[in-house]
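K.L.:
Just dropping this structure here.
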Amino acid sequence: MRRIMQTTCIALLMMTGAVVSTMAQSTTTGTLNLRNGQPATVSLTLPATGVTGYKMELPPTIGAKGQALTVSSISGTTATLGWTSMPYWSLTGSSITTGGTGVGQQFIGTSNSQDLVLAANAAERLRIVGVAGPTLGFVGIGTATPKASLDVQGDVLLSNTGSASQLKFLEPTADGVNTTSFKAQAQAMDIAYTLPATPPTVDGQVMTATTGGVMTWTSPTNAIGKGRYTPVNGEYVHVITTTPYDIKLNDVVLVTVMNAPGTTISASVTAIDDVANTITVETSVPLGPTEKLLWISLGN
């Protein structure tokens, strides 16, 4: 009987249009059950303890699709609610007007001095630094403290679908359009190059590599042996030591005789000893103390 009377009273109040306050109260559960002709109910329940009285004032009009009720203002213990368009990003993609960080534009990120962090499987995978300082805007993949515009902890792969990908460097001018690129050829195996641990010691050095790809700085003339030999007086056969140059059997060795004008002396290489690091030279005449043998060996 009490429930019928309460329902009748509420209906009469709604019909009169009078501005009145009504109260639905349960002294046992603190729950308001809403129900229509269905057996199930939707309930509003107060916290069990620590309740401070307040009032929520609903908006005067109905909202639009997708809007949410938010607190637009608070006066004393009264919170006025209003309809607000929620600028959320959908997991299936969002339709935006203009991308950017200007007025009326939309973006994903932070609007204060905080980093943007993306995670996968509850672990950080990417970070864009938002804290003011010299690293502001730096992007870290696999690291929370990037030290460059892009800092990747781990391997980087430039994949392709048939045409070789390129690592490109743009020329250092404001309006530059030309690039310097590195790209791989078709290969039958992985190749890894290990760069030198120190800079070149003198100008003009070049990088050379072992068969394992370990690279070092060396002089381009290191593959060239050369020297001046003083022969034993009266000898036709001359054994010349090439140390410190490490001569090889397939080196190209050139020899000539430096002698007084007006005479011609021929010289030929008759042997190369890659163990003792020597070359054997025979001359067409015995050489004297003022004559020299000049030699050069070109390594392959």
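By convention here, the chains of the structure tokens are called A, B, ... in the order presented, each chain's residues are numbered starting at 1, and ligands are numbered starting at 1 in the order presented.
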Within 12 Å of Thr243 in chain A, counting only C-alpha atoms, which residues qualify if same-chain residues fewer than 5 places away don't, as number ranges by chain?

P.N.:
A: 224-227, 248, 273-279, 297

K.L.:
Using N, CA and C atoms, can you write the selected residues to a file as a tab-separated table (two decimals), in the first residue's frame?

P.N.:
```
chain	number	residue	atom	x	y	z
A	224	ILE	N	101.70	-1.70	-50.02
A	224	ILE	CA	102.80	-1.51	-50.98
A	224	ILE	C	104.12	-1.54	-50.22
A	225	GLY	N	104.98	-2.49	-50.59
A	225	GLY	CA	106.32	-2.53	-50.02
A	225	GLY	C	107.31	-1.85	-50.96
A	226	LYS	N	108.26	-1.17	-50.39
A	226	LYS	CA	109.26	-0.49	-51.23
A	226	LYS	C	110.55	-0.35	-50.44
A	227	GLY	N	111.66	-0.19	-51.21
A	227	GLY	CA	112.93	-0.04	-50.52
A	227	GLY	C	114.08	0.24	-51.48
A	248	LYS	N	104.12	-11.34	-50.24
A	248	LYS	CA	103.32	-12.52	-50.58
A	248	LYS	C	103.79	-13.06	-51.93
A	273	ASP	N	110.50	-15.24	-51.49
A	273	ASP	CA	110.39	-16.10	-50.31
A	273	ASP	C	109.46	-15.41	-49.32
A	274	ASP	N	108.20	-15.91	-49.23
A	274	ASP	CA	107.23	-15.25	-48.35
A	274	ASP	C	107.40	-15.66	-46.89
A	275	VAL	N	108.28	-16.64	-46.62
A	275	VAL	CA	108.57	-17.03	-45.24
A	275	VAL	C	109.67	-16.14	-44.67
A	276	ALA	N	110.76	-16.01	-45.41
A	276	ALA	CA	111.89	-15.19	-44.96
A	276	ALA	C	111.72	-13.73	-45.32
A	277	ASN	N	110.65	-13.41	-46.08
A	277	ASN	CA	110.41	-12.04	-46.54
A	277	ASN	C	111.61	-11.51	-47.33
A	278	THR	N	111.95	-12.22	-48.40
A	278	THR	CA	113.06	-11.80	-49.26
A	278	THR	C	112.67	-11.95	-50.73
A	279	ILE	N	113.31	-11.15	-51.56
A	279	ILE	CA	113.22	-11.32	-53.01
A	279	ILE	C	114.64	-11.46	-53.55
A	297	SER	N	106.92	-3.54	-54.22
A	297	SER	CA	106.07	-4.75	-54.25
A	297	SER	C	104.62	-4.33	-54.04
```

K.L.:
For Gln205 in chain A, list every protein, DNA or RNA residue within 8 Å, evaluated using only C-alpha atoms, and leave out those in the same chain fewer than 3 positions away; present the list as a PyMOL selection string.

P.N.:
chain A and resi 200-202+217-220

K.L.:
Counting only C-alpha atoms, figure out which residue out of A:Val255, A:Ala209, A:Ile296, A:Val71 gets nearest to Thr221 in chain A.

P.N.:
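Comparing A:Val255, A:Ala209, A:Ile296, A:Val71 against Thr221 in chain A, the winner is A:Ile296.
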
K.L.:
So which one's closest to Gln166 in chain A, A:Gly142, A:Gln185, A:Ile108, A:Ala123? Using only C-alpha atoms, please.

P.N.:
A:Gln185

K.L.:
Skipping near chain neighbours, those fewer than 5 positions away, what residues fall within 6 Å of range 75-89 of chain A using only C-alpha atoms, listed as a list in words?

P.N.:
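Selected residues are Tyr54, Lys55, Met56, Glu57, Leu58, Pro59, Gly63, Gln67, Ala68, Leu69, Thr70 and Ser94 of chain A.
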
K.L.:
Write out as a PDB file with N, CA and C atoms, in the first residue's frame which residues come within 10 Å of range 174-183 of chain A when counting only C-alpha atoms, dropping same-chain ones fewer than 2 positions away.

P.N.:
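So part_39.pdb came out as:
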```pdb
ATOM      1  N   LEU A 158      65.979  -2.335 -41.919  1.00  0.00           N
ATOM      2  CA  LEU A 158      65.329  -1.670 -43.038  1.00  0.00           C
ATOM      3  C   LEU A 158      64.931  -2.760 -44.018  1.00  0.00           C
ATOM      4  N   SER A 163      63.152  -4.283 -53.767  1.00  0.00           N
ATOM      5  CA  SER A 163      64.081  -3.177 -53.994  1.00  0.00           C
ATOM      6  C   SER A 163      64.772  -2.863 -52.674  1.00  0.00           C
ATOM      7  N   ALA A 164      66.095  -2.716 -52.725  1.00  0.00           N
ATOM      8  CA  ALA A 164      66.861  -2.523 -51.505  1.00  0.00           C
ATOM      9  C   ALA A 164      66.451  -1.238 -50.794  1.00  0.00           C
ATOM     10  N   SER A 165      66.200  -1.332 -49.468  1.00  0.00           N
ATOM     11  CA  SER A 165      65.973  -0.143 -48.671  1.00  0.00           C
ATOM     12  C   SER A 165      67.277   0.617 -48.517  1.00  0.00           C
ATOM     13  N   GLN A 166      67.166   1.913 -48.242  1.00  0.00           N
ATOM     14  CA  GLN A 166      68.361   2.752 -48.154  1.00  0.00           C
ATOM     15  C   GLN A 166      68.366   3.533 -46.843  1.00  0.00           C
ATOM     16  N   LEU A 167      69.557   3.704 -46.298  1.00  0.00           N
ATOM     17  CA  LEU A 167      69.770   4.604 -45.181  1.00  0.00           C
ATOM     18  C   LEU A 167      70.269   5.910 -45.779  1.00  0.00           C
ATOM     19  N   LYS A 168      69.447   6.963 -45.688  1.00  0.00           N
ATOM     20  CA  LYS A 168      69.724   8.208 -46.401  1.00  0.00           C
ATOM     21  C   LYS A 168      70.097   9.331 -45.440  1.00  0.00           C
ATOM     22  N   PHE A 169      71.048  10.155 -45.881  1.00  0.00           N
ATOM     23  CA  PHE A 169      71.451  11.347 -45.157  1.00  0.00           C
ATOM     24  C   PHE A 169      71.247  12.548 -46.080  1.00  0.00           C
ATOM     25  N   LEU A 170      70.423  13.504 -45.649  1.00  0.00           N
ATOM     26  CA  LEU A 170      70.168  14.692 -46.450  1.00  0.00           C
ATOM     27  C   LEU A 170      71.317  15.673 -46.287  1.00  0.00           C
ATOM     28  N   GLU A 171      71.670  16.341 -47.386  1.00  0.00           N
ATOM     29  CA  GLU A 171      72.757  17.313 -47.340  1.00  0.00           C
ATOM     30  C   GLU A 171      72.452  18.405 -46.313  1.00  0.00           C
ATOM     31  N   PRO A 172      73.492  18.920 -45.638  1.00  0.00           N
ATOM     32  CA  PRO A 172      73.277  19.863 -44.520  1.00  0.00           C
ATOM     33  C   PRO A 172      73.062  21.304 -44.964  1.00  0.00           C
ATOM     34  N   GLN A 185      73.337  -5.149 -51.188  1.00  0.00           N
ATOM     35  CA  GLN A 185      73.105  -5.925 -52.400  1.00  0.00           C
ATOM     36  C   GLN A 185      72.431  -7.249 -52.033  1.00  0.00           C
TER      37      GLN A 185
END
```

K.L.:
For the structure I just gave you, how does DSSP split range 9-256 of chain A - specifically, which residues are strand (DSSP E)? Reply as a PyMOL selection string.

P.N.:
chain A and resi 31-34+42-45+55-57+67-75+78-85+116-120+123-128+139-141+150-152+166-170+179-183+206-209+215-218+224-229+237-241+252-256

K.L.:
Show me, as a count of residues only, the residues that have an atom within 12 Å of Val232 in chain A when counting only C-alpha atoms, minus same-chain residues fewer than 6 positions from it.

P.N.:
11

K.L.:
Rank A:Ile265, A:Leu126, A:Leu249, A:Leu294 by their smallest atom-to-atom distance to Arg228 in chain A, using only C-alpha atoms, and report the top residue only.

P.N.:
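Answer, going by the shortest atom-to-atom distance: A:Leu294.
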